[in-house]
Amino acid sequence: MHAMTDLPAWQALMARRAAIERFDLRAAFADDPTRWTRFQLRFEDMLVDYSKHLIDGPTFDLLLDLARQAEVEALRDAMFAGEAINITEGRAVLHTALRNRSGRPVLVDGADVMPEVTVVLERLRKFSEAVRSGAWRGFTGAAITDIVNIGIGGSDLGPHMVCRALRAFADGPRAHFVSNVDPAHLVDTLADLDPRTTLFVIASKTFSTQETMTNAGAARAWLVAALGDEGAVGRHFVAVSTNEQAVRTFGIEPANMFGFWDWVGGRYSLWSAIGLPIALAVGFERFGELLVGAHAMDEHFRSAPLAANLPVVLGALGVLYGNVLGWGSHAVIPYDQRLDRFTAHLQQLDMESNGKFVGRDGQRVRWATGPVVWGEPGTNGQHAFFQLLHQGTRRVPVDFLVAARPSIAEAAMLGPEGMALVEDAHRKLLANCLAQAEALAFGKTHAEARVELERQGLDGGRLEHLLPHKVFEGNRPSTVVLYPELTPRRLGSLIALYEHKVMVQGAIWNVDSFDQWGVELGKALAGEILPELAPDAPPAVGHDASTRGLIDAIRHLA
Ligand code: G6Q
């Protein structure tokens with residue numbers, strides 16, 4: 001195990017730090033006509049442009065050296081080999097096995113897990129096809145029109161994001177997602193649904209998470225009250241879990257339970273039976289294409305040399321900003337409306353994986369770890385937080401994700417002019433995306449701003465007054481990830497790219513990217529306060545004065 005700051009490449013990067021801070025993208029592009037081709041990677045039909053980063057050849061090489069010296073490759077290989085790289089939980093990390101299409105066995109403790117993976121996939125196929133075809137019917141004999149996934153965190157964000165991303169392909173029951181224990185979430189969702197045609201998927205690895213079990217209980221009460229028979233539960237509830245006993249206790253037969261394994265982390269679980277809502281909404285075949293796309297990225301990650309390895313390159317660039325330059329956040333802005341939950345999924349993936357201050361050696365790390373990941377789709381963000389990206393005092397690297405062409409599905413809805421309208425709107429989307437990346441990188445100098453104001457007819461004091469506000473200092477880095485069109489396969493590759501990028505960074509920072517003790521704390525703490533909020537509970541004792549006071553105030557106000 002290493003300390004990042006002891007690695008020779010880190011020290012060399014530190015020695016270059018002043019030069020990196022002075023790095024000028026305008027000059028870099030002017031001096032090197034090959035820069036755009038030099039700093040880009042292609043993966044299948046996806047293009048990743050990272051030429052607008054604050055790197056030259058030597059800096060880039062040092063970042064890769066850092067990844068090499070941090071033994072990223074060894075940890076990667078150990079992950080694919082099924083070693084227990086989640087060291088605090090003593091577990092293998094094998095979401096890659098869930099989408100393994102190579103025919104190679106994947107061994108955990110000497111046993112190949114692939115046969116079990118195949119069995120569960122086959123069950124998902126059969127079940128999703130039965131629901132979609134109408135062969136599976138509700139208690140009253142009606143076919144299922146709506147599914148409600150009840151789950152939270154990893155049992156919600158991934159499938160929810162994918163179902164939204166693949167709306168152009170949705171041809172099955174409508175998928176809804178309820179996660180929050182705030183009763184408004186469930187109630188608002190159920191308000192538009194018919195219990196006779198609604199299927200609930202209770203998704204919980206542990207089947208004990210407070211929010212999920214509370215919502216599942218309330219959903220069952222709603223269904224039984226409406227259909228007037230406890231027996232209806234069996235036709236309207238299925239479970240995705242690793243906890244068969246708890247599923248049975250809830251009243252769901254094991255035949256209607258889809259399992260997965262403790263080597264699948266929650267935030268990496270959309271590829272497992274947790275992806276059931278995806279298979280229901282877009283069909284098992286397209287769910288399979290999603291897995292194929294992710295597998296292709298897995299193969300790239302395990303075999304491409306570091307300098308051409310997308311997750312390694314993107315991970316290393318993040319280390320440049322987070323560690324060498326000390327920036328604290330990272331924006332992911334899809335210019336792709338259907339990726340409107342993509343950043344939310346990434347927030348969990350990245351912040352839960354690498355938001356750690358203790359290293360794999362049990363020591364407090366002496367360097368920054370995971371950034372704050374945030375973002376909203378463009379162009380909306382342009383009318384909101386982009387001000388800070390362009391002219392704020394904090395600098396934030398940005399990932400732009402954008403499709404070269406619109407989805408044909410939209411065009412048909414808009415009448416005979418549909419295709420032309422959609423193409424026009426999509427070109428505007430693309431123009432905005434590219435313009436933002438360009439403006440961030442190259443800014444607007446004093447001289448340029450002056451010329452612009454003069455052209456607008458300003459001069460004298462008015463011009464001088466406005467001038468400093470019209471300057472954009474530029475040198476704000478971004479990556480553009482361009483793909484032809486958002487398809488299940490492409491989406492699978494994109495998600496897997498970020499999964500592996502997070503792993504690469506965790507390896508460099510020497511943290512266990514696969515545990516989540518911070519989440520476990522939250523699960524335990526609320527349990528202590530809950531009984532103290534009951535109307536007839538004695539006054540709260542213990543806690544701090546603020547928490548006690550708030551408990552008291554809630555009881556008076558409730
Ligand atoms: C993910 C985390 C966490 C988890 C939820 C739900 O990696 O462990 O987000 O997915 O807390 O847990 P259950 O699936 O057990 O309900």
# chains A, B, ... in the order shown; residues from 1 in each chain; ligands from 1
call {"tool": "residues_around", "arguments": {"residues": "stretch 49-60 of chain A", "least_positions_apart": "2", "cutoff": "8 Å", "atoms": "only C-alpha atoms", "output": "list in words"}}
result
Leu13, Arg16, Ile20, Phe23, Asp24, Leu25, Ala28, Arg35, Trp36, Thr37, Arg38, Phe39, Gln40, Leu41, Leu47, Leu62, Leu63, Leu64, Leu317, Ala441, Asn475, Arg476, Pro477, Ser478, Thr479, Val480 and Val481 of chain A
call {"tool": "residues_around", "arguments": {"residues": "stretch 224-226 of chain A", "least_positions_apart": "5", "cutoff": "8 Å", "atoms": "only C-alpha atoms", "output": "PyMOL selection string"}}
result
chain A and resi 195+232-233
call {"tool": "residues_near_ligand", "arguments": {"ligand": "ligand 1", "cutoff": "8 Å", "atoms": "only C-alpha atoms and all ligand atoms", "output": "ChimeraX atom specification"}}
result
/A:151-156,203-210,212,241,265-268,348-349,352-353,514-516,519-520,523
call {"tool": "residues_around", "arguments": {"residues": "A:Arg132", "least_positions_apart": "5", "cutoff": "7 Å", "atoms": "only C-alpha atoms", "output": "list in words"}}
result
Gly172, Pro173 and Leu280 of chain A
call {"tool": "closest_residue", "arguments": {"among": "A:Ala344, A:Leu314, A:Ile551, A:Ile150", "to": "A:His500", "atoms": "only C-alpha atoms"}}
result
A:Leu314
call {"tool": "select_by_dssp", "arguments": {"residues": "stretch 234-418 of chain A", "states": "alpha helix (DSSP H)", "output": "PyMOL selection string"}}
result
chain A and resi 234-236+244-250+276-282+284-303+310-319+342-346+353-354+386-391+408-413+418
call {"tool": "closest_residue", "arguments": {"among": "A:Asp298, A:Asp512, A:Asp350, A:Glu253", "to": "A:Pro311", "atoms": "only C-alpha atoms"}}
result
A:Asp298
call {"tool": "residues_around", "arguments": {"residues": "A:Phe400", "least_positions_apart": "4", "cutoff": "10 Å", "atoms": "only C-alpha atoms", "output": "PyMOL selection string"}}
result
chain A and resi 48-49+331-336+377-378+433-434+436-437+478-482
call {"tool": "write_last_selection", "arguments": {"atoms": "N, CA, C and O atoms", "output": "PDB file, in the first residue's frame"}}
result
ATOM      1  N   VAL A  48     -13.989  10.940 -27.066  1.00  0.00           N
ATOM      2  CA  VAL A  48     -13.749  11.674 -25.815  1.00  0.00           C
ATOM      3  C   VAL A  48     -12.636  12.675 -26.076  1.00  0.00           C
ATOM      4  O   VAL A  48     -11.486  12.303 -26.328  1.00  0.00           O
ATOM      5  N   ASP A  49     -13.010  13.947 -26.046  1.00  0.00           N
ATOM      6  CA  ASP A  49     -12.057  15.031 -26.306  1.00  0.00           C
ATOM      7  C   ASP A  49     -11.585  15.589 -24.965  1.00  0.00           C
ATOM      8  O   ASP A  49     -12.364  16.183 -24.227  1.00  0.00           O
ATOM      9  N   ALA A 331     -18.141  19.032 -12.166  1.00  0.00           N
ATOM     10  CA  ALA A 331     -19.504  19.119 -12.711  1.00  0.00           C
ATOM     11  C   ALA A 331     -19.670  18.147 -13.884  1.00  0.00           C
ATOM     12  O   ALA A 331     -18.767  18.017 -14.708  1.00  0.00           O
ATOM     13  N   VAL A 332     -20.795  17.488 -13.911  1.00  0.00           N
ATOM     14  CA  VAL A 332     -21.125  16.609 -15.039  1.00  0.00           C
ATOM     15  C   VAL A 332     -22.427  17.131 -15.634  1.00  0.00           C
ATOM     16  O   VAL A 332     -23.469  17.121 -14.971  1.00  0.00           O
ATOM     17  N   ILE A 333     -22.331  17.632 -16.872  1.00  0.00           N
ATOM     18  CA  ILE A 333     -23.460  18.326 -17.491  1.00  0.00           C
ATOM     19  C   ILE A 333     -23.846  17.589 -18.777  1.00  0.00           C
ATOM     20  O   ILE A 333     -23.201  17.774 -19.821  1.00  0.00           O
ATOM     21  N   PRO A 334     -24.888  16.750 -18.705  1.00  0.00           N
ATOM     22  CA  PRO A 334     -25.319  16.111 -19.954  1.00  0.00           C
ATOM     23  C   PRO A 334     -26.125  17.099 -20.799  1.00  0.00           C
ATOM     24  O   PRO A 334     -27.089  17.673 -20.301  1.00  0.00           O
ATOM     25  N   TYR A 335     -25.690  17.305 -22.046  1.00  0.00           N
ATOM     26  CA  TYR A 335     -26.558  18.030 -22.985  1.00  0.00           C
ATOM     27  C   TYR A 335     -27.422  16.968 -23.632  1.00  0.00           C
ATOM     28  O   TYR A 335     -27.326  16.679 -24.835  1.00  0.00           O
ATOM     29  N   ASP A 336     -28.212  16.360 -22.822  1.00  0.00           N
ATOM     30  CA  ASP A 336     -28.995  15.201 -23.225  1.00  0.00           C
ATOM     31  C   ASP A 336     -30.060  15.053 -22.147  1.00  0.00           C
ATOM     32  O   ASP A 336     -29.794  14.525 -21.058  1.00  0.00           O
ATOM     33  N   PRO A 377     -28.761  18.934 -16.426  1.00  0.00           N
ATOM     34  CA  PRO A 377     -28.627  18.965 -17.890  1.00  0.00           C
ATOM     35  C   PRO A 377     -28.459  20.375 -18.441  1.00  0.00           C
ATOM     36  O   PRO A 377     -28.969  21.345 -17.893  1.00  0.00           O
ATOM     37  N   GLY A 378     -27.709  20.448 -19.571  1.00  0.00           N
ATOM     38  CA  GLY A 378     -27.676  21.670 -20.356  1.00  0.00           C
ATOM     39  C   GLY A 378     -28.783  21.556 -21.383  1.00  0.00           C
ATOM     40  O   GLY A 378     -29.158  20.449 -21.740  1.00  0.00           O
ATOM     41  N   CYS A 433     -23.641  23.424 -26.374  1.00  0.00           N
ATOM     42  CA  CYS A 433     -22.672  22.597 -25.653  1.00  0.00           C
ATOM     43  C   CYS A 433     -21.242  22.959 -26.069  1.00  0.00           C
ATOM     44  O   CYS A 433     -20.378  23.236 -25.226  1.00  0.00           O
ATOM     45  N   LEU A 434     -21.020  22.978 -27.377  1.00  0.00           N
ATOM     46  CA  LEU A 434     -19.665  23.272 -27.860  1.00  0.00           C
ATOM     47  C   LEU A 434     -19.252  24.692 -27.492  1.00  0.00           C
ATOM     48  O   LEU A 434     -18.090  24.952 -27.133  1.00  0.00           O
ATOM     49  N   GLN A 436     -20.136  26.419 -24.924  1.00  0.00           N
ATOM     50  CA  GLN A 436     -19.789  26.508 -23.495  1.00  0.00           C
ATOM     51  C   GLN A 436     -18.382  25.976 -23.246  1.00  0.00           C
ATOM     52  O   GLN A 436     -17.597  26.579 -22.523  1.00  0.00           O
ATOM     53  N   ALA A 437     -18.081  24.830 -23.849  1.00  0.00           N
ATOM     54  CA  ALA A 437     -16.742  24.253 -23.654  1.00  0.00           C
ATOM     55  C   ALA A 437     -15.682  25.208 -24.192  1.00  0.00           C
ATOM     56  O   ALA A 437     -14.623  25.410 -23.576  1.00  0.00           O
ATOM     57  N   SER A 478     -12.456  21.267 -19.611  1.00  0.00           N
ATOM     58  CA  SER A 478     -13.625  20.394 -19.750  1.00  0.00           C
ATOM     59  C   SER A 478     -13.295  19.221 -20.659  1.00  0.00           C
ATOM     60  O   SER A 478     -12.359  19.279 -21.455  1.00  0.00           O
ATOM     61  N   THR A 479     -14.091  18.190 -20.504  1.00  0.00           N
ATOM     62  CA  THR A 479     -14.044  17.017 -21.380  1.00  0.00           C
ATOM     63  C   THR A 479     -15.349  17.009 -22.160  1.00  0.00           C
ATOM     64  O   THR A 479     -16.404  17.296 -21.576  1.00  0.00           O
ATOM     65  N   VAL A 480     -15.293  16.686 -23.437  1.00  0.00           N
ATOM     66  CA  VAL A 480     -16.538  16.467 -24.175  1.00  0.00           C
ATOM     67  C   VAL A 480     -16.609  14.985 -24.540  1.00  0.00           C
ATOM     68  O   VAL A 480     -15.687  14.447 -25.165  1.00  0.00           O
ATOM     69  N   VAL A 481     -17.683  14.362 -24.112  1.00  0.00           N
ATOM     70  CA  VAL A 481     -17.929  12.963 -24.484  1.00  0.00           C
ATOM     71  C   VAL A 481     -19.045  12.996 -25.527  1.00  0.00           C
ATOM     72  O   VAL A 481     -20.181  13.374 -25.221  1.00  0.00           O
ATOM     73  N   LEU A 482     -18.684  12.649 -26.749  1.00  0.00           N
ATOM     74  CA  LEU A 482     -19.623  12.738 -27.881  1.00  0.00           C
ATOM     75  C   LEU A 482     -19.937  11.333 -28.375  1.00  0.00           C
ATOM     76  O   LEU A 482     -19.021  10.546 -28.616  1.00  0.00           O
TER      77      LEU A 482
END
call {"tool": "closest_residue", "arguments": {"among": "A:Phe237, A:Trp263, A:Phe127, A:Trp10", "to": "A:Gly90", "atoms": "only C-alpha atoms"}}
result
A:Trp263
call {"tool": "select_by_dssp", "arguments": {"residues": "stretch 308-522 of chain A", "states": "strand (DSSP E)", "output": "PyMOL selection string"}}
result
chain A and resi 329-335+372-374+398-403+478-483
call {"tool": "write_last_selection", "arguments": {"atoms": "C-alpha atoms", "output": "PDB file, in the first residue's frame"}}
result
ATOM      1  CA  SER A 329     -15.712  19.848  -7.197  1.00  0.00           C
ATOM      2  CA  HIS A 330     -16.490  18.310 -10.540  1.00  0.00           C
ATOM      3  CA  ALA A 331     -19.504  19.119 -12.711  1.00  0.00           C
ATOM      4  CA  VAL A 332     -21.125  16.609 -15.039  1.00  0.00           C
ATOM      5  CA  ILE A 333     -23.460  18.326 -17.491  1.00  0.00           C
ATOM      6  CA  PRO A 334     -25.319  16.111 -19.954  1.00  0.00           C
ATOM      7  CA  TYR A 335     -26.558  18.030 -22.985  1.00  0.00           C
ATOM      8  CA  VAL A 372     -18.184  17.071  -4.805  1.00  0.00           C
ATOM      9  CA  VAL A 373     -19.913  15.873  -7.972  1.00  0.00           C
ATOM     10  CA  TRP A 374     -22.810  17.935  -9.219  1.00  0.00           C
ATOM     11  CA  VAL A 398     -16.723  19.972 -16.410  1.00  0.00           C
ATOM     12  CA  ASP A 399     -17.720  16.836 -18.304  1.00  0.00           C
ATOM     13  CA  PHE A 400     -20.091  17.530 -21.168  1.00  0.00           C
ATOM     14  CA  LEU A 401     -22.011  14.523 -22.503  1.00  0.00           C
ATOM     15  CA  VAL A 402     -23.782  14.972 -25.805  1.00  0.00           C
ATOM     16  CA  ALA A 403     -25.259  12.960 -28.677  1.00  0.00           C
ATOM     17  CA  SER A 478     -13.625  20.394 -19.750  1.00  0.00           C
ATOM     18  CA  THR A 479     -14.044  17.017 -21.380  1.00  0.00           C
ATOM     19  CA  VAL A 480     -16.538  16.467 -24.175  1.00  0.00           C
ATOM     20  CA  VAL A 481     -17.929  12.963 -24.484  1.00  0.00           C
ATOM     21  CA  LEU A 482     -19.623  12.738 -27.881  1.00  0.00           C
ATOM     22  CA  TYR A 483     -21.636   9.735 -29.031  1.00  0.00           C
TER      23      TYR A 483
END
call {"tool": "residues_around", "arguments": {"residues": "A:Ser407", "least_positions_apart": "4", "cutoff": "10 Å", "atoms": "only C-alpha atoms", "output": "list in words"}}
result
Ala168, Phe169, Ala403, Ala411, Met419, Val422, Glu423, His426, Pro484, Glu485, Leu486 and Thr487 of chain A
call {"tool": "write_last_selection", "arguments": {"atoms": "N, CA and C atoms", "output": "PDB file, in the first residue's frame"}}
result
ATOM      1  N   ALA A 168     -36.828   6.769 -24.808  1.00  0.00           N
ATOM      2  CA  ALA A 168     -37.144   6.633 -26.241  1.00  0.00           C
ATOM      3  C   ALA A 168     -37.401   5.174 -26.614  1.00  0.00           C
ATOM      4  N   PHE A 169     -36.953   4.260 -25.768  1.00  0.00           N
ATOM      5  CA  PHE A 169     -37.088   2.822 -26.068  1.00  0.00           C
ATOM      6  C   PHE A 169     -38.183   2.156 -25.225  1.00  0.00           C
ATOM      7  N   ALA A 403     -25.047  13.836 -27.518  1.00  0.00           N
ATOM      8  CA  ALA A 403     -25.259  12.960 -28.677  1.00  0.00           C
ATOM      9  C   ALA A 403     -25.189  13.784 -29.958  1.00  0.00           C
ATOM     10  N   ALA A 411     -39.425  12.680 -33.326  1.00  0.00           N
ATOM     11  CA  ALA A 411     -39.878  13.349 -34.536  1.00  0.00           C
ATOM     12  C   ALA A 411     -41.333  13.011 -34.874  1.00  0.00           C
ATOM     13  N   MET A 419     -39.307  15.781 -38.150  1.00  0.00           N
ATOM     14  CA  MET A 419     -37.870  15.520 -38.232  1.00  0.00           C
ATOM     15  C   MET A 419     -37.080  16.817 -38.340  1.00  0.00           C
ATOM     16  N   VAL A 422     -37.059  18.583 -34.945  1.00  0.00           N
ATOM     17  CA  VAL A 422     -36.191  17.906 -33.987  1.00  0.00           C
ATOM     18  C   VAL A 422     -34.718  18.143 -34.329  1.00  0.00           C
ATOM     19  N   GLU A 423     -34.420  18.077 -35.606  1.00  0.00           N
ATOM     20  CA  GLU A 423     -33.020  18.295 -36.007  1.00  0.00           C
ATOM     21  C   GLU A 423     -32.571  19.718 -35.711  1.00  0.00           C
ATOM     22  N   HIS A 426     -32.052  20.035 -32.014  1.00  0.00           N
ATOM     23  CA  HIS A 426     -30.868  19.299 -31.578  1.00  0.00           C
ATOM     24  C   HIS A 426     -29.585  20.035 -31.959  1.00  0.00           C
ATOM     25  N   PRO A 484     -22.899   9.028 -30.998  1.00  0.00           N
ATOM     26  CA  PRO A 484     -23.845   9.284 -32.090  1.00  0.00           C
ATOM     27  C   PRO A 484     -25.268   9.511 -31.583  1.00  0.00           C
ATOM     28  N   GLU A 485     -25.696   8.646 -30.678  1.00  0.00           N
ATOM     29  CA  GLU A 485     -27.085   8.697 -30.202  1.00  0.00           C
ATOM     30  C   GLU A 485     -27.129   7.877 -28.919  1.00  0.00           C
ATOM     31  N   LEU A 486     -28.008   8.244 -28.017  1.00  0.00           N
ATOM     32  CA  LEU A 486     -28.055   7.507 -26.755  1.00  0.00           C
ATOM     33  C   LEU A 486     -28.836   6.205 -26.950  1.00  0.00           C
ATOM     34  N   THR A 487     -28.121   5.093 -26.939  1.00  0.00           N
ATOM     35  CA  THR A 487     -28.751   3.775 -27.075  1.00  0.00           C
ATOM     36  C   THR A 487     -28.461   2.990 -25.799  1.00  0.00           C
TER      37      THR A 487
END
call {"tool": "atom_distance", "arguments": {"atom1": "atom CA of A:Arg395", "atom2": "atom CA of A:Gly370"}}
result
15.8 Å
call {"tool": "closest_residue", "arguments": {"among": "A:Leu157, A:Ile529, A:Val511, A:Ala558", "to": "A:Ala70", "atoms": "only C-alpha atoms"}}
result
A:Val511
call {"tool": "closest_residue", "arguments": {"among": "A:Arg196, A:His543, A:Lys501, A:His446", "to": "A:Ser513", "atoms": "only C-alpha atoms"}}
result
A:Lys501
call {"tool": "residues_around", "arguments": {"residues": "A:Asp109", "least_positions_apart": "3", "cutoff": "9 Å", "atoms": "only C-alpha atoms", "output": "list in words"}}
result
Gly82, Glu83 and Asp112 of chain A
call {"tool": "write_last_selection", "arguments": {"atoms": "C-alpha atoms", "output": "mmCIF file, in the first residue's frame"}}
result
data_model
loop_
_atom_site.group_PDB
_atom_site.id
_atom_site.type_symbol
_atom_site.label_atom_id
_atom_site.label_comp_id
_atom_site.auth_asym_id
_atom_site.auth_seq_id
_atom_site.Cartn_x
_atom_site.Cartn_y
_atom_site.Cartn_z
ATOM 1 C CA GLY A 82 -12.698 -11.752 -7.826
ATOM 2 C CA GLU A 83 -10.274 -10.930 -5.024
ATOM 3 C CA ASP A 112 -17.356 -19.757 -10.768
#
call {"tool": "residues_around", "arguments": {"residues": "A:Gly315", "least_positions_apart": "5", "cutoff": "12 Å", "atoms": "only C-alpha atoms", "output": "NGL selection string"}}
result
:A and (50 or 60 or 63-64 or 66-67 or 72 or 301 or 306-307 or 309-310 or 320-323 or 330 or 350 or 354 or 369-371 or 479 or 497-509)
call {"tool": "decode", "arguments": {"residues": "stretch 395-415 of chain A", "atoms": "N, CA and C atoms", "output": "tab-separated table (two decimals), in the first residue's frame"}}
result
chain	number	residue	atom	x	y	z
A	395	ARG	N	-12.74	27.19	-9.42
A	395	ARG	CA	-12.68	26.59	-10.75
A	395	ARG	C	-13.15	25.14	-10.68
A	396	VAL	N	-13.91	24.77	-11.67
A	396	VAL	CA	-14.59	23.46	-11.65
A	396	VAL	C	-14.39	22.78	-13.01
A	397	PRO	N	-13.74	21.63	-13.06
A	397	PRO	CA	-13.69	20.92	-14.34
A	397	PRO	C	-15.08	20.39	-14.69
A	398	VAL	N	-15.37	20.36	-15.97
A	398	VAL	CA	-16.72	19.97	-16.41
A	398	VAL	C	-16.63	18.81	-17.39
A	399	ASP	N	-17.52	17.86	-17.27
A	399	ASP	CA	-17.72	16.84	-18.30
A	399	ASP	C	-19.00	17.19	-19.05
A	400	PHE	N	-18.90	17.34	-20.34
A	400	PHE	CA	-20.09	17.53	-21.17
A	400	PHE	C	-20.38	16.21	-21.88
A	401	LEU	N	-21.62	15.75	-21.80
A	401	LEU	CA	-22.01	14.52	-22.50
A	401	LEU	C	-23.05	14.91	-23.55
A	402	VAL	N	-22.83	14.53	-24.79
A	402	VAL	CA	-23.78	14.97	-25.80
A	402	VAL	C	-23.84	14.00	-26.97
A	403	ALA	N	-25.05	13.84	-27.52
A	403	ALA	CA	-25.26	12.96	-28.68
A	403	ALA	C	-25.19	13.78	-29.96
A	404	ALA	N	-24.58	13.23	-31.00
A	404	ALA	CA	-24.45	13.97	-32.26
A	404	ALA	C	-25.80	14.13	-32.95
A	405	ARG	N	-26.69	13.17	-32.74
A	405	ARG	CA	-27.99	13.29	-33.44
A	405	ARG	C	-29.13	13.02	-32.45
A	406	PRO	N	-30.29	13.56	-32.78
A	406	PRO	CA	-31.43	13.35	-31.88
A	406	PRO	C	-31.99	11.95	-32.06
A	407	SER	N	-32.80	11.55	-31.11
A	407	SER	CA	-33.47	10.27	-31.25
A	407	SER	C	-34.64	10.45	-32.21
A	408	ILE	N	-34.79	9.50	-33.12
A	408	ILE	CA	-35.85	9.59	-34.13
A	408	ILE	C	-37.23	9.57	-33.46
A	409	ALA	N	-37.30	8.91	-32.30
A	409	ALA	CA	-38.60	8.69	-31.66
A	409	ALA	C	-39.38	10.00	-31.48
A	410	GLU	N	-38.66	11.09	-31.19
A	410	GLU	CA	-39.34	12.36	-30.93
A	410	GLU	C	-40.08	12.86	-32.17
A	411	ALA	N	-39.43	12.68	-33.33
A	411	ALA	CA	-39.88	13.35	-34.54
A	411	ALA	C	-41.33	13.01	-34.87
A	412	ALA	N	-41.68	11.74	-34.74
A	412	ALA	CA	-43.00	11.29	-35.16
A	412	ALA	C	-44.12	12.06	-34.44
A	413	MET	N	-43.87	12.42	-33.18
A	413	MET	CA	-44.92	13.08	-32.39
A	413	MET	C	-45.23	14.48	-32.89
A	414	LEU	N	-44.29	15.09	-33.59
A	414	LEU	CA	-44.42	16.51	-33.88
A	414	LEU	C	-45.01	16.81	-35.26
A	415	GLY	N	-45.64	15.81	-35.85
A	415	GLY	CA	-46.32	16.05	-37.11
A	415	GLY	C	-45.40	15.95	-38.31
